[in-house]
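Novice: Next up, structure09.cif (mmCIF, C-alpha atoms and all ligand atoms).
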```cif
data_start
loop_
_atom_site.label_atom_id
_atom_site.label_comp_id
_atom_site.auth_asym_id
_atom_site.auth_seq_id
_atom_site.Cartn_x
_atom_site.Cartn_y
_atom_site.Cartn_z
CA MET N 1 -15.14 26.74 35.79
CA ASN N 2 -14.32 30.34 36.58
CA ALA N 3 -15.23 32.14 33.36
CA SER N 4 -14.66 35.86 33.02
CA GLU N 5 -16.98 36.17 29.99
CA SER N 6 -19.24 34.14 27.74
CA ALA N 7 -19.90 33.57 24.04
CA ASP N 8 -22.43 31.60 22.01
CA VAL N 9 -19.66 30.19 19.82
CA VAL N 10 -15.87 30.24 20.15
CA VAL N 11 -14.03 29.65 16.86
CA ILE N 12 -10.46 28.50 17.50
CA GLY N 13 -8.11 29.45 14.65
CA GLY N 14 -8.13 32.65 12.60
CA GLY N 15 -7.01 31.18 9.27
CA ILE N 16 -9.23 31.15 6.18
CA ILE N 17 -11.35 28.32 7.61
CA GLY N 18 -11.96 29.96 11.01
CA CYS N 19 -12.69 33.32 9.34
CA SER N 20 -15.22 31.76 6.96
CA VAL N 21 -16.91 29.86 9.80
CA ALA N 22 -17.13 33.15 11.74
CA LEU N 23 -18.60 35.00 8.73
CA HIS N 24 -21.30 32.39 8.14
CA LEU N 25 -22.16 32.11 11.84
CA ALA N 26 -22.40 35.89 12.12
CA ARG N 27 -24.79 35.98 9.17
CA ALA N 28 -26.99 33.17 10.45
CA MET N 29 -26.96 34.32 14.09
CA PRO N 30 -26.88 38.13 13.89
CA THR N 31 -27.40 38.72 17.60
CA SER N 32 -25.22 35.92 18.99
CA ARG N 33 -21.77 36.46 20.45
CA VAL N 34 -19.12 34.82 18.24
CA ILE N 35 -15.43 35.07 19.20
CA VAL N 36 -12.54 34.03 16.93
CA LEU N 37 -9.31 33.24 18.80
CA ASP N 38 -5.86 32.83 17.31
CA ARG N 39 -2.64 32.32 19.18
CA GLY N 40 -0.81 34.38 16.54
CA SER N 41 -2.22 36.92 14.11
CA ILE N 42 -5.31 36.49 11.95
CA ALA N 43 -4.18 34.71 8.75
CA GLY N 44 -0.73 34.34 10.24
CA ALA N 45 -0.14 30.66 9.44
CA THR N 46 -0.88 28.49 6.37
CA SER N 47 -3.50 30.92 5.05
CA SER N 48 -0.77 33.49 4.40
CA SER N 49 1.84 30.97 3.18
CA CYS N 50 -0.09 29.59 0.25
CA MET N 51 -1.40 30.30 -3.22
CA GLY N 52 -4.88 31.61 -3.89
CA HIS N 53 -6.24 29.37 -6.64
CA LEU N 54 -10.02 28.95 -6.33
CA MET N 55 -10.27 25.54 -7.87
CA VAL N 56 -13.31 23.57 -8.98
CA THR N 57 -12.33 19.90 -8.84
CA PRO N 58 -14.19 17.37 -11.01
CA ASP N 59 -12.54 14.32 -9.33
CA SER N 60 -15.99 13.03 -8.29
CA ALA N 61 -19.57 14.30 -8.29
CA ALA N 62 -19.37 14.98 -4.54
CA GLU N 63 -16.11 16.93 -4.80
CA PHE N 64 -17.41 18.88 -7.77
CA ALA N 65 -20.57 19.83 -5.84
CA LEU N 66 -18.51 20.97 -2.85
CA SER N 67 -15.88 22.95 -4.76
CA HIS N 68 -18.30 24.40 -7.32
CA ARG N 69 -20.60 25.74 -4.60
CA SER N 70 -17.62 27.16 -2.71
CA VAL N 71 -16.15 28.97 -5.71
CA LYS N 72 -19.61 30.40 -6.45
CA LEU N 73 -19.78 31.70 -2.86
CA TRP N 74 -16.36 33.33 -3.37
CA GLY N 75 -17.80 35.28 -6.32
CA GLU N 76 -20.68 36.43 -4.11
CA LEU N 77 -18.24 37.41 -1.34
CA ASN N 78 -16.42 39.58 -3.86
CA GLU N 79 -19.67 41.32 -4.81
CA GLN N 80 -20.61 41.80 -1.14
CA ILE N 81 -17.31 43.21 0.12
CA GLY N 82 -14.30 42.64 -2.19
CA GLY N 83 -10.84 43.91 -1.30
CA PHE N 84 -9.02 40.61 -1.75
CA ASP N 85 -7.79 40.77 -5.36
CA TYR N 86 -10.49 38.43 -6.66
CA ASN N 87 -9.70 37.64 -10.29
CA PRO N 88 -11.92 35.15 -12.15
CA THR N 89 -9.16 34.17 -14.59
CA GLY N 90 -10.33 30.61 -15.25
CA ALA N 91 -7.68 27.90 -15.27
CA LEU N 92 -5.48 26.51 -18.02
CA TYR N 93 -4.35 22.92 -17.61
CA LEU N 94 -1.17 22.79 -19.70
CA ALA N 95 0.16 19.80 -21.61
CA ASP N 96 3.85 19.32 -22.35
CA THR N 97 4.13 15.72 -23.61
CA ALA N 98 1.98 13.40 -25.74
CA GLU N 99 0.99 11.66 -22.49
CA ASP N 100 -0.22 14.98 -21.08
CA LEU N 101 -2.12 15.71 -24.27
CA ALA N 102 -4.03 12.46 -23.85
CA LEU N 103 -5.08 13.60 -20.36
CA LEU N 104 -6.87 16.72 -21.64
CA PRO N 105 -9.99 14.96 -23.03
CA VAL N 106 -10.07 12.77 -19.92
CA LEU N 107 -10.25 15.84 -17.71
CA GLN N 108 -12.71 17.47 -20.09
CA LYS N 109 -14.96 14.41 -19.73
CA GLN N 110 -14.70 14.60 -15.94
CA PHE N 111 -16.06 18.16 -16.08
CA ALA N 112 -18.76 17.03 -18.54
CA ASP N 113 -19.77 14.13 -16.27
CA CYS N 114 -20.28 16.73 -13.53
CA GLY N 115 -22.51 18.77 -15.86
CA ASP N 116 -19.93 21.46 -16.64
CA ARG N 117 -17.83 22.43 -19.65
CA ALA N 118 -14.12 22.80 -20.36
CA GLN N 119 -12.52 23.48 -23.73
CA VAL N 120 -9.54 21.66 -25.28
CA LEU N 121 -7.27 24.25 -26.93
CA ASP N 122 -4.89 23.57 -29.80
CA PRO N 123 -1.49 25.36 -29.82
CA LYS N 124 -2.86 28.31 -31.82
CA GLN N 125 -5.82 28.84 -29.49
CA LEU N 126 -3.52 28.49 -26.47
CA ARG N 127 -1.14 31.13 -27.83
CA ALA N 128 -4.04 33.50 -28.47
CA MET N 129 -5.14 33.14 -24.87
CA GLU N 130 -1.65 33.20 -23.31
CA PRO N 131 0.88 34.80 -25.70
CA GLY N 132 3.63 34.63 -23.06
CA LEU N 133 3.79 30.83 -23.01
CA ALA N 134 6.36 28.69 -24.84
CA HIS N 135 5.41 28.38 -28.51
CA ASP N 136 5.98 24.64 -28.74
CA LEU N 137 3.35 23.64 -26.16
CA PRO N 138 1.02 21.06 -27.72
CA GLY N 139 -2.24 22.18 -26.12
CA ALA N 140 -4.23 22.85 -22.95
CA LEU N 141 -7.65 22.56 -21.37
CA PHE N 142 -9.40 25.79 -20.37
CA TYR N 143 -11.91 25.74 -17.54
CA ARG N 144 -13.73 29.02 -17.09
CA GLY N 145 -14.96 28.54 -13.51
CA ASP N 146 -11.72 28.96 -11.53
CA GLY N 147 -10.22 32.14 -10.11
CA VAL N 148 -7.50 33.63 -7.96
CA VAL N 149 -7.62 35.54 -4.65
CA LEU N 150 -5.18 36.93 -2.11
CA PRO N 151 -6.02 34.76 0.91
CA MET N 152 -4.69 36.94 3.74
CA THR N 153 -6.76 39.95 2.71
CA ALA N 154 -9.72 37.62 2.16
CA CYS N 155 -9.54 36.61 5.85
CA SER N 156 -9.96 40.20 6.96
CA ALA N 157 -12.70 40.80 4.37
CA MET N 158 -14.62 37.82 5.78
CA LEU N 159 -14.34 39.18 9.32
CA ARG N 160 -15.31 42.72 8.24
CA LEU N 161 -18.38 41.43 6.43
CA GLY N 162 -19.23 39.21 9.41
CA GLN N 163 -19.10 42.28 11.67
CA ARG N 164 -21.50 44.12 9.35
CA HIS N 165 -24.01 41.32 9.89
CA ASN N 166 -23.30 40.89 13.58
CA ALA N 167 -21.67 43.66 15.58
CA ARG N 168 -20.94 41.15 18.35
CA LEU N 169 -18.45 39.18 16.22
CA GLN N 170 -14.97 39.66 17.64
CA ALA N 171 -11.52 38.49 16.52
CA ARG N 172 -8.80 38.12 19.13
CA PRO N 173 -5.30 37.48 17.91
CA GLY N 174 -2.59 36.63 20.46
CA THR N 175 -4.86 34.31 22.45
CA THR N 176 -3.85 30.65 22.74
CA VAL N 177 -6.41 28.00 23.62
CA THR N 178 -5.05 25.82 26.42
CA GLY N 179 -7.99 23.55 27.31
CA PHE N 180 -11.74 22.91 27.47
CA ASP N 181 -14.30 22.39 30.23
CA TYR N 182 -17.14 19.87 29.95
CA HIS N 183 -20.18 19.04 31.97
CA GLY N 184 -22.50 16.12 31.30
CA GLY N 185 -20.97 15.41 27.87
CA LYS N 186 -21.34 19.04 26.76
CA VAL N 187 -18.73 21.73 26.13
CA THR N 188 -19.12 24.45 28.78
CA ALA N 189 -16.00 26.60 28.33
CA VAL N 190 -12.81 27.23 26.38
CA LYS N 191 -9.71 28.01 28.44
CA THR N 192 -7.19 30.47 27.01
CA THR N 193 -4.03 32.29 27.98
CA ASN N 194 -6.25 35.37 28.50
CA GLY N 195 -8.92 33.76 30.65
CA THR N 196 -11.81 31.31 30.35
CA ILE N 197 -14.77 31.89 28.02
CA ALA N 198 -18.02 30.12 28.96
CA THR N 199 -19.61 28.72 25.81
CA GLY N 200 -21.80 25.91 24.56
CA ASN N 201 -20.02 25.66 21.19
CA ALA N 202 -16.34 25.46 20.26
CA VAL N 203 -15.15 25.07 16.65
CA ILE N 204 -11.61 23.74 16.16
CA ALA N 205 -10.26 25.25 12.92
CA CYS N 206 -6.55 25.06 13.59
CA GLY N 207 -5.15 23.70 10.32
CA VAL N 208 -2.07 21.54 10.94
CA TRP N 209 -2.45 22.17 14.69
CA THR N 210 -5.97 20.70 14.79
CA PRO N 211 -4.82 17.33 16.21
CA ALA N 212 -2.93 19.12 19.03
CA VAL N 213 -5.92 21.31 19.96
CA ALA N 214 -8.31 18.35 19.59
CA LYS N 215 -6.12 16.46 22.05
CA LEU N 216 -6.66 19.27 24.58
CA ALA N 217 -10.37 18.56 24.10
CA GLY N 218 -9.79 14.86 24.90
CA LEU N 219 -10.21 13.63 21.30
CA PRO N 220 -8.17 10.76 19.82
CA ASP N 221 -5.28 11.55 17.47
CA LEU N 222 -7.00 13.11 14.42
CA PRO N 223 -5.59 11.99 11.04
CA ILE N 224 -4.34 15.39 9.83
CA VAL N 225 -0.64 15.83 9.06
CA PRO N 226 1.40 18.69 7.57
CA ARG N 227 2.35 18.49 3.89
CA ALA N 228 4.96 21.10 3.04
CA GLY N 229 4.90 23.25 -0.09
CA ASN N 230 7.70 25.52 -1.34
CA LEU N 231 6.69 28.73 -3.09
CA ALA N 232 8.43 31.56 -4.92
CA ILE N 233 7.22 34.96 -6.09
CA THR N 234 8.77 37.18 -8.74
CA ALA N 235 9.28 40.93 -8.57
CA HIS N 236 6.38 43.12 -9.62
CA HIS N 237 7.43 43.32 -13.25
CA ALA N 238 4.73 42.64 -15.81
CA THR N 239 3.93 38.96 -15.46
CA PRO N 240 4.08 36.86 -18.65
CA ILE N 241 0.82 35.10 -17.71
CA ARG N 242 -2.84 36.16 -17.41
CA THR N 243 -4.55 32.95 -16.32
CA GLN N 244 -4.22 30.56 -13.40
CA LEU N 245 -1.91 27.94 -14.98
CA LEU N 246 -1.15 24.39 -13.93
CA GLU N 247 0.35 21.32 -15.47
CA VAL N 248 -2.39 18.87 -16.37
CA SER N 249 -0.51 16.23 -14.38
CA TYR N 250 -1.14 18.44 -11.29
CA ILE N 251 -4.55 16.86 -10.70
CA ARG N 252 -3.06 13.36 -10.44
CA PHE N 253 -0.11 14.54 -8.38
CA ALA N 254 -1.99 16.77 -5.97
CA HIS N 255 -5.30 14.95 -5.67
CA GLY N 256 -4.16 11.35 -6.18
CA THR N 257 -3.09 8.99 -3.41
CA ALA N 258 0.18 10.08 -1.80
CA GLN N 259 3.12 7.90 -2.78
CA ALA N 260 4.84 8.16 0.61
CA ASP N 261 3.50 7.33 4.09
CA PRO N 262 2.15 10.70 5.30
CA ARG N 263 2.91 9.90 8.94
CA LYS N 264 6.63 9.24 8.33
CA THR N 265 8.51 12.51 8.38
CA ASN N 266 11.74 11.33 6.75
CA ALA N 267 10.58 8.89 4.07
CA ASP N 268 9.17 11.31 1.49
CA THR N 269 11.58 12.78 -1.07
CA GLY N 270 8.73 14.98 -2.30
CA GLY N 271 7.40 15.88 -5.72
CA HIS N 272 6.14 18.82 -7.72
CA ALA N 273 3.72 19.83 -10.46
CA VAL N 274 3.86 23.42 -11.50
CA ASN N 275 1.14 25.91 -10.64
CA MET N 276 1.46 29.61 -11.59
CA GLN N 277 -0.71 32.52 -10.63
CA PRO N 278 -0.71 36.06 -12.01
CA GLN N 279 -0.77 38.62 -9.19
CA SER N 280 -2.82 41.78 -9.45
CA LEU N 281 0.29 43.96 -8.94
CA GLY N 282 2.13 42.25 -11.77
CA GLY N 283 4.19 39.50 -10.16
CA CYS N 284 3.87 35.77 -10.70
CA LEU N 285 3.43 33.33 -7.80
CA ILE N 286 4.99 29.95 -8.55
CA GLY N 287 4.41 26.64 -6.78
CA SER N 288 4.02 24.02 -5.88
CA THR N 289 5.87 21.18 -4.26
CA ARG N 290 4.52 18.55 -1.86
CA GLN N 291 6.46 16.72 0.84
CA PHE N 292 5.63 15.08 4.17
CA ARG N 293 8.33 16.09 6.65
CA GLY N 294 6.52 17.11 9.82
CA MET N 295 6.46 20.77 10.85
CA ASP N 296 9.75 21.57 9.09
CA THR N 297 9.43 24.89 7.24
CA THR N 298 12.94 25.20 5.83
CA ILE N 299 13.11 25.57 2.04
CA ASN N 300 13.85 22.40 0.09
CA ARG N 301 16.04 24.16 -2.45
CA GLU N 302 16.36 21.19 -4.77
CA LEU N 303 12.61 20.62 -4.99
CA LEU N 304 11.91 24.34 -5.41
CA HIS N 305 14.57 24.58 -8.12
CA ARG N 306 12.94 21.71 -10.04
CA SER N 307 9.56 23.35 -9.78
CA LEU N 308 10.95 26.70 -11.04
CA GLN N 309 12.58 24.92 -13.98
CA ARG N 310 9.16 23.55 -14.91
CA ALA N 311 7.65 27.03 -14.66
CA ILE N 312 10.31 28.36 -17.06
CA ARG N 313 9.60 25.48 -19.42
CA TYR N 314 6.03 26.76 -19.75
CA ALA N 315 6.70 30.51 -19.52
CA PRO N 316 10.30 31.05 -20.69
CA SER N 317 10.43 34.79 -19.92
CA LEU N 318 10.03 34.00 -16.22
CA ALA N 319 13.76 33.24 -16.33
CA ASP N 320 14.37 37.01 -16.67
CA LEU N 321 12.30 37.98 -13.62
CA PRO N 322 14.03 38.14 -10.26
CA ILE N 323 12.59 35.94 -7.50
CA VAL N 324 12.05 38.25 -4.53
CA ARG N 325 10.84 35.79 -1.91
CA THR N 326 10.68 32.06 -1.29
CA TRP N 327 8.89 30.35 1.59
CA VAL N 328 7.26 27.15 2.82
CA GLY N 329 3.66 26.60 3.90
CA LEU N 330 2.18 23.57 5.64
CA ARG N 331 -0.98 22.08 4.14
CA PRO N 332 -3.30 20.34 6.62
CA TYR N 333 -3.47 16.94 4.86
CA SER N 334 -6.30 14.67 5.93
CA ILE N 335 -5.21 11.05 5.54
CA ASP N 336 -8.44 9.96 3.81
CA LYS N 337 -8.20 13.06 1.58
CA HIS N 338 -11.49 14.57 2.75
CA PRO N 339 -11.74 17.57 5.07
CA LEU N 340 -13.40 17.18 8.46
CA ILE N 341 -16.46 19.45 8.70
CA GLY N 342 -19.11 19.05 11.38
CA PRO N 343 -19.85 17.99 14.95
CA TRP N 344 -17.65 15.67 16.97
CA PRO N 345 -19.92 12.77 17.97
CA GLY N 346 -20.52 12.15 21.66
CA THR N 347 -19.52 15.63 22.84
CA GLN N 348 -22.25 18.17 22.42
CA GLY N 349 -21.00 21.53 21.22
CA LEU N 350 -17.60 20.41 19.87
CA TRP N 351 -17.11 21.03 16.13
CA ILE N 352 -14.24 20.45 13.70
CA ALA N 353 -13.45 22.36 10.46
CA SER N 354 -10.06 21.27 9.19
CA GLY N 355 -7.93 19.02 6.96
CA HIS N 356 -8.41 20.76 3.59
CA GLU N 357 -4.82 20.13 2.39
CA GLY N 358 -4.18 22.12 -0.80
CA LEU N 359 -7.79 23.22 -1.28
CA GLY N 360 -8.48 25.14 1.92
CA ILE N 361 -8.78 28.51 0.22
CA SER N 362 -11.11 27.12 -2.45
CA LEU N 363 -13.25 25.21 0.06
CA SER N 364 -13.29 27.76 2.89
CA MET N 365 -16.60 29.36 1.88
CA ILE N 366 -18.53 26.08 1.68
CA THR N 367 -16.89 24.91 4.91
CA GLY N 368 -18.21 27.94 6.79
CA GLU N 369 -21.62 27.52 5.19
CA LEU N 370 -21.87 23.77 5.93
CA LEU N 371 -20.70 24.05 9.51
CA THR N 372 -23.17 26.88 10.19
CA GLN N 373 -26.02 24.97 8.54
CA GLN N 374 -25.25 21.96 10.75
CA MET N 375 -24.98 24.06 13.92
CA THR N 376 -28.21 25.96 13.29
CA GLY N 377 -30.17 22.94 12.07
CA GLN N 378 -30.70 24.28 8.54
CA GLN N 379 -30.73 22.07 5.49
CA CYS N 380 -27.19 21.66 4.13
CA SER N 381 -26.49 23.08 0.67
CA VAL N 382 -24.25 20.08 -0.11
CA ASP N 383 -24.40 16.55 1.35
CA PRO N 384 -22.11 16.79 4.42
CA THR N 385 -21.86 13.01 4.96
CA PRO N 386 -18.40 12.39 3.40
CA TYR N 387 -16.92 15.15 5.57
CA LEU N 388 -18.41 14.30 8.98
CA PRO N 389 -15.62 14.05 11.58
CA GLY N 390 -17.37 11.06 13.16
CA ARG N 391 -15.55 8.83 10.66
CA CYS N 392 -12.38 9.43 12.73
CA ALA N 393 -13.99 8.71 16.12
C1 LIG W 1 2.22 25.98 -0.69
C2 LIG W 1 0.74 25.99 -0.54
C3 LIG W 1 -0.06 26.36 -1.60
C4 LIG W 1 -1.46 26.33 -1.46
N1 LIG W 1 -2.23 26.77 -2.50
C5 LIG W 1 -3.58 26.74 -2.39
C6 LIG W 1 -4.39 27.19 -3.47
O1 LIG W 1 -3.91 27.68 -4.49
N2 LIG W 1 -5.74 27.06 -3.33
C7 LIG W 1 -6.32 26.54 -2.21
O2 LIG W 1 -7.54 26.39 -2.17
N3 LIG W 1 -5.56 26.16 -1.15
C8 LIG W 1 -4.21 26.24 -1.22
N4 LIG W 1 -3.44 25.82 -0.18
C9 LIG W 1 -4.09 25.25 1.01
C10 LIG W 1 -4.58 26.28 1.99
O3 LIG W 1 -3.60 27.28 2.15
C11 LIG W 1 -4.89 25.63 3.35
O4 LIG W 1 -5.72 24.50 3.17
C12 LIG W 1 -5.60 26.63 4.25
O5 LIG W 1 -4.87 27.84 4.33
C13 LIG W 1 -5.77 26.07 5.66
O6 LIG W 1 -6.42 27.04 6.42
P1 LIG W 1 -6.73 26.81 7.95
O7 LIG W 1 -7.55 27.95 8.41
O8 LIG W 1 -7.26 25.42 8.14
O9 LIG W 1 -5.29 26.79 8.66
P2 LIG W 1 -4.35 28.01 9.09
O10 LIG W 1 -4.37 29.10 8.12
O11 LIG W 1 -3.03 27.41 9.44
O12 LIG W 1 -5.06 28.55 10.41
C14 LIG W 1 -5.04 27.82 11.61
C15 LIG W 1 -4.85 28.82 12.75
O13 LIG W 1 -4.99 28.12 14.00
C16 LIG W 1 -4.19 28.83 14.95
N5 LIG W 1 -3.96 28.01 16.13
C17 LIG W 1 -3.26 26.86 16.23
N6 LIG W 1 -3.26 26.41 17.50
C18 LIG W 1 -3.96 27.30 18.24
C19 LIG W 1 -4.31 27.39 19.63
N7 LIG W 1 -3.92 26.48 20.54
N8 LIG W 1 -5.04 28.46 20.03
C20 LIG W 1 -5.45 29.41 19.15
N9 LIG W 1 -5.14 29.37 17.82
C21 LIG W 1 -4.42 28.32 17.38
C22 LIG W 1 -2.92 29.13 14.16
O14 LIG W 1 -2.19 30.19 14.75
C23 LIG W 1 -3.45 29.43 12.77
O15 LIG W 1 -3.56 30.83 12.51
C24 LIG W 1 -2.05 25.89 -0.25
C25 LIG W 1 -1.24 25.57 0.83
C26 LIG W 1 0.14 25.63 0.70
C27 LIG W 1 1.00 25.31 1.89
#
```
Since I need it in another form, could you write the structure as structure tokens?
Specialist:
Amino acid sequence: MNASESADVVVIGGGIIGCSVALHLARAMPTSRVIVLDRGSIAGATSSSCMGHLMVTPDSAAEFALSHRSVKLWGELNEQIGGFDYNPTGALYLADTAEDLALLPVLQKQFADCGDRAQVLDPKQLRAMEPGLAHDLPGALFYRGDGVVLPMTACSAMLRLGQRHNARLQARPGTTVTGFDYHGGKVTAVKTTNGTIATGNAVIACGVWTPAVAKLAGLPDLPIVPRAGNLAITAHHATPIRTQLLEVSYIRFAHGTAQADPRKTNADTGGHAVNMQPQSLGGCLIGSTRQFRGMDTTINRELLHRSLQRAIRYAPSLADLPIVRTWVGLRPYSIDKHPLIGPWPGTQGLWIASGHEGLGISLSMITGELLTQQMTGQQCSVDPTPYLPGRCA
């Protein structure tokens, strides 16, 4: 090893996950040298090609604990630094059909089983809360705990706050990691296009590129694959919506077992369940489709069109707003549906924080907290067992 400099921790990947890990490390280790590397710009990949719904998921007690803690930490981050359009709108799960309507009390019970509350709204109550929605909608479930953020500005807020806690925290865009050095089963350095950094700890937080970077570290093929999502945003006219909105079927579609084989890139015709977010400047962000098709980021016009039709079904005046931009982001989908957060077994100093699929913004704060708690030997705020990367070893 011929290292030109050294760091206590090198975080690889400057997306929302890497930035949150850096923030939490900087807080817990205020005099240590922490360097965040990204081959592109900070928040230049999935974390700027996504939506910003902070979602509490009641799918199971463990997932509720993880997401609830994370969304709480987002509120605290807003109080500590702000600057990322934090808007605690709550979420409305919208019904369209009788089948959807039957799902509302089921979801309400899931929240209740987790010790929280959500309210079933009749059409009148729904209209009072969201006057811009179609008048024939049969009802909705309102959950107060969710919110919306602008993820790319949140990444820089996390780094700025981290630097307030630890002046030695540095972010280096334009630096690609090309390899690792080991000695006696321990990480000793991270090799980059701008030189080698001696370090005892490397965190791989590379989203859909995590398997490729893990391979450079000698790990087996990690089960994280890209899942594409098409998005559209309207012009900054007054948006017809105030709340984070989603079809109630979204939970089944997005969090249920994928219908297609995630590893086959040409077998998935894709699907959609609408998700709409009011933007602080007045526009409306509309998603969200899901399709496994490798690293392809071309728009699937047919799928996007279907998803926009659903949005107009719920908020008819959206049809009058021009769409100013459409794009595709790649969710890092973990095949067993749980993110990987923690140490890689058998190699001291190698850590993984990745595979959050469509919940990476929501779960970024708890991911940074959990990884830091594990690295510094503190008690974890949430049981980390389901997320330990060792299950893929
Ligand atoms: C359409 C869509 C909608 C979404 N909506 C939501 C939502 O509403 N709420 C929510 O919670 N989540 C949402 N998500 C999910 C969320 O965006 C992701 O889970 C999250 O952004 C992943 O962050 P990340 O830091 O893991 O990955 P990324 O943001 O992709 O960051 C990884 C970084 O690693 C860098 N990198 C890769 N290889 C190297 C290397 N060799 N050397 C150095 N750097 C490297 C890349 O340049 C990249 O910047 C959505 C995603 C999509 C696509």
Novice: Please list as a PDB file with C-alpha atoms, in the coordinates of the input every residue within 9 Å of region 72-79 of chain N, counting all atoms listed in the file and excluding residues in the same chain fewer than 5 positions away.
Specialist:
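Written out: part-v2.pdb:
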```pdb
ATOM      1  CA  LEU N  54     -10.020  28.950  -6.330  1.00  0.00           C
ATOM      2  CA  SER N  67     -15.880  22.950  -4.760  1.00  0.00           C
ATOM      3  CA  PHE N  84      -9.020  40.610  -1.750  1.00  0.00           C
ATOM      4  CA  ASP N  85      -7.790  40.770  -5.360  1.00  0.00           C
ATOM      5  CA  TYR N  86     -10.490  38.430  -6.660  1.00  0.00           C
ATOM      6  CA  PRO N  88     -11.920  35.150 -12.150  1.00  0.00           C
ATOM      7  CA  GLY N 145     -14.960  28.540 -13.510  1.00  0.00           C
ATOM      8  CA  ALA N 157     -12.700  40.800   4.370  1.00  0.00           C
ATOM      9  CA  MET N 158     -14.620  37.820   5.780  1.00  0.00           C
ATOM     10  CA  LEU N 161     -18.380  41.430   6.430  1.00  0.00           C
ATOM     11  CA  SER N 362     -11.110  27.120  -2.450  1.00  0.00           C
ATOM     12  CA  SER N 364     -13.290  27.760   2.890  1.00  0.00           C
ATOM     13  CA  MET N 365     -16.600  29.360   1.880  1.00  0.00           C
ATOM     14  CA  ILE N 366     -18.530  26.080   1.680  1.00  0.00           C
TER      15      ILE N 366
END
```
Novice: Could you put an axis-aligned box around every listed atom of region 34-51 of chain N, padded by 8 Å on each side, and send me its centre and edge lengths in Å to one decimal, as JSON?
Specialist:
```
{"center_x": -8.6, "center_y": 32.7, "center_z": 8.0, "size_x": 37.0, "size_y": 24.4, "size_z": 38.4}
```
Novice: Select the residues contacting ligand LIG 1 (chain W) at a distance of at most 6 Å, based on all atoms listed in the file, then format the selection as a PyMOL selection string.
Specialist: chain N and resi 12-18+37-40+42-47+49-54+175-177+205-207+209+213+228-231+288+329-332+354+356-362
Novice: What are the closest atom pairs, with distances in Å to one decimal, for all residues of region 143-247 of chain N lying within 8 Å of region 292-298 of chain N? Consider all atoms listed in the file, order rows by chain and residue number, and present the result as JSON lines.
Specialist:
```
{"residue": "N:Val225", "atom": "CA", "partner": "N:Gly294", "partner_atom": "CA", "distance": 7.3}
{"residue": "N:Pro226", "atom": "CA", "partner": "N:Gly294", "partner_atom": "CA", "distance": 5.8}
{"residue": "N:Arg227", "atom": "CA", "partner": "N:Phe292", "partner_atom": "CA", "distance": 4.7}
{"residue": "N:Ala228", "atom": "CA", "partner": "N:Phe292", "partner_atom": "CA", "distance": 6.2}
```
Novice: Given the choices N:Lys191, N:Arg160, N:Arg290, N:Arg242, which gets closest to Gly82 (chain N) if the distance is worked out from only C-alpha atoms?
Specialist: N:Arg160
Novice: Will you give me region 24-35 of chain N, written with N, CA and C atoms and laid out as a compact mmCIF listing (two decimals), in the first residue's frame?
Specialist:
```txt
# COMPACT_ATOMS: atom_id res chain seq x y z
N HIS N 24 -24.08 10.95 10.80
CA HIS N 24 -24.13 10.27 12.10
C HIS N 24 -22.74 9.93 12.62
N LEU N 25 -21.83 9.55 11.70
CA LEU N 25 -20.45 9.28 12.14
C LEU N 25 -19.81 10.57 12.66
N ALA N 26 -20.04 11.66 11.94
CA ALA N 26 -19.42 12.93 12.35
C ALA N 26 -19.90 13.35 13.73
N ARG N 27 -21.16 13.10 14.01
CA ARG N 27 -21.73 13.43 15.32
C ARG N 27 -21.12 12.57 16.42
N ALA N 28 -21.02 11.26 16.12
CA ALA N 28 -20.57 10.33 17.16
C ALA N 28 -19.06 10.37 17.35
N MET N 29 -18.33 10.81 16.30
CA MET N 29 -16.86 10.78 16.35
C MET N 29 -16.36 12.18 15.94
N PRO N 30 -16.56 13.18 16.80
CA PRO N 30 -16.35 14.57 16.37
C PRO N 30 -14.91 14.94 16.03
N THR N 31 -13.96 14.09 16.41
CA THR N 31 -12.57 14.44 16.07
C THR N 31 -11.97 13.50 15.03
N SER N 32 -12.76 12.53 14.56
CA SER N 32 -12.23 11.56 13.61
C SER N 32 -12.29 12.11 12.19
N ARG N 33 -11.45 11.55 11.34
CA ARG N 33 -11.46 12.00 9.93
C ARG N 33 -12.40 11.10 9.12
N VAL N 34 -13.47 11.68 8.59
CA VAL N 34 -14.46 10.93 7.80
C VAL N 34 -14.47 11.54 6.40
N ILE N 35 -14.28 10.70 5.38
CA ILE N 35 -14.27 11.19 4.00
C ILE N 35 -15.37 10.49 3.21
```
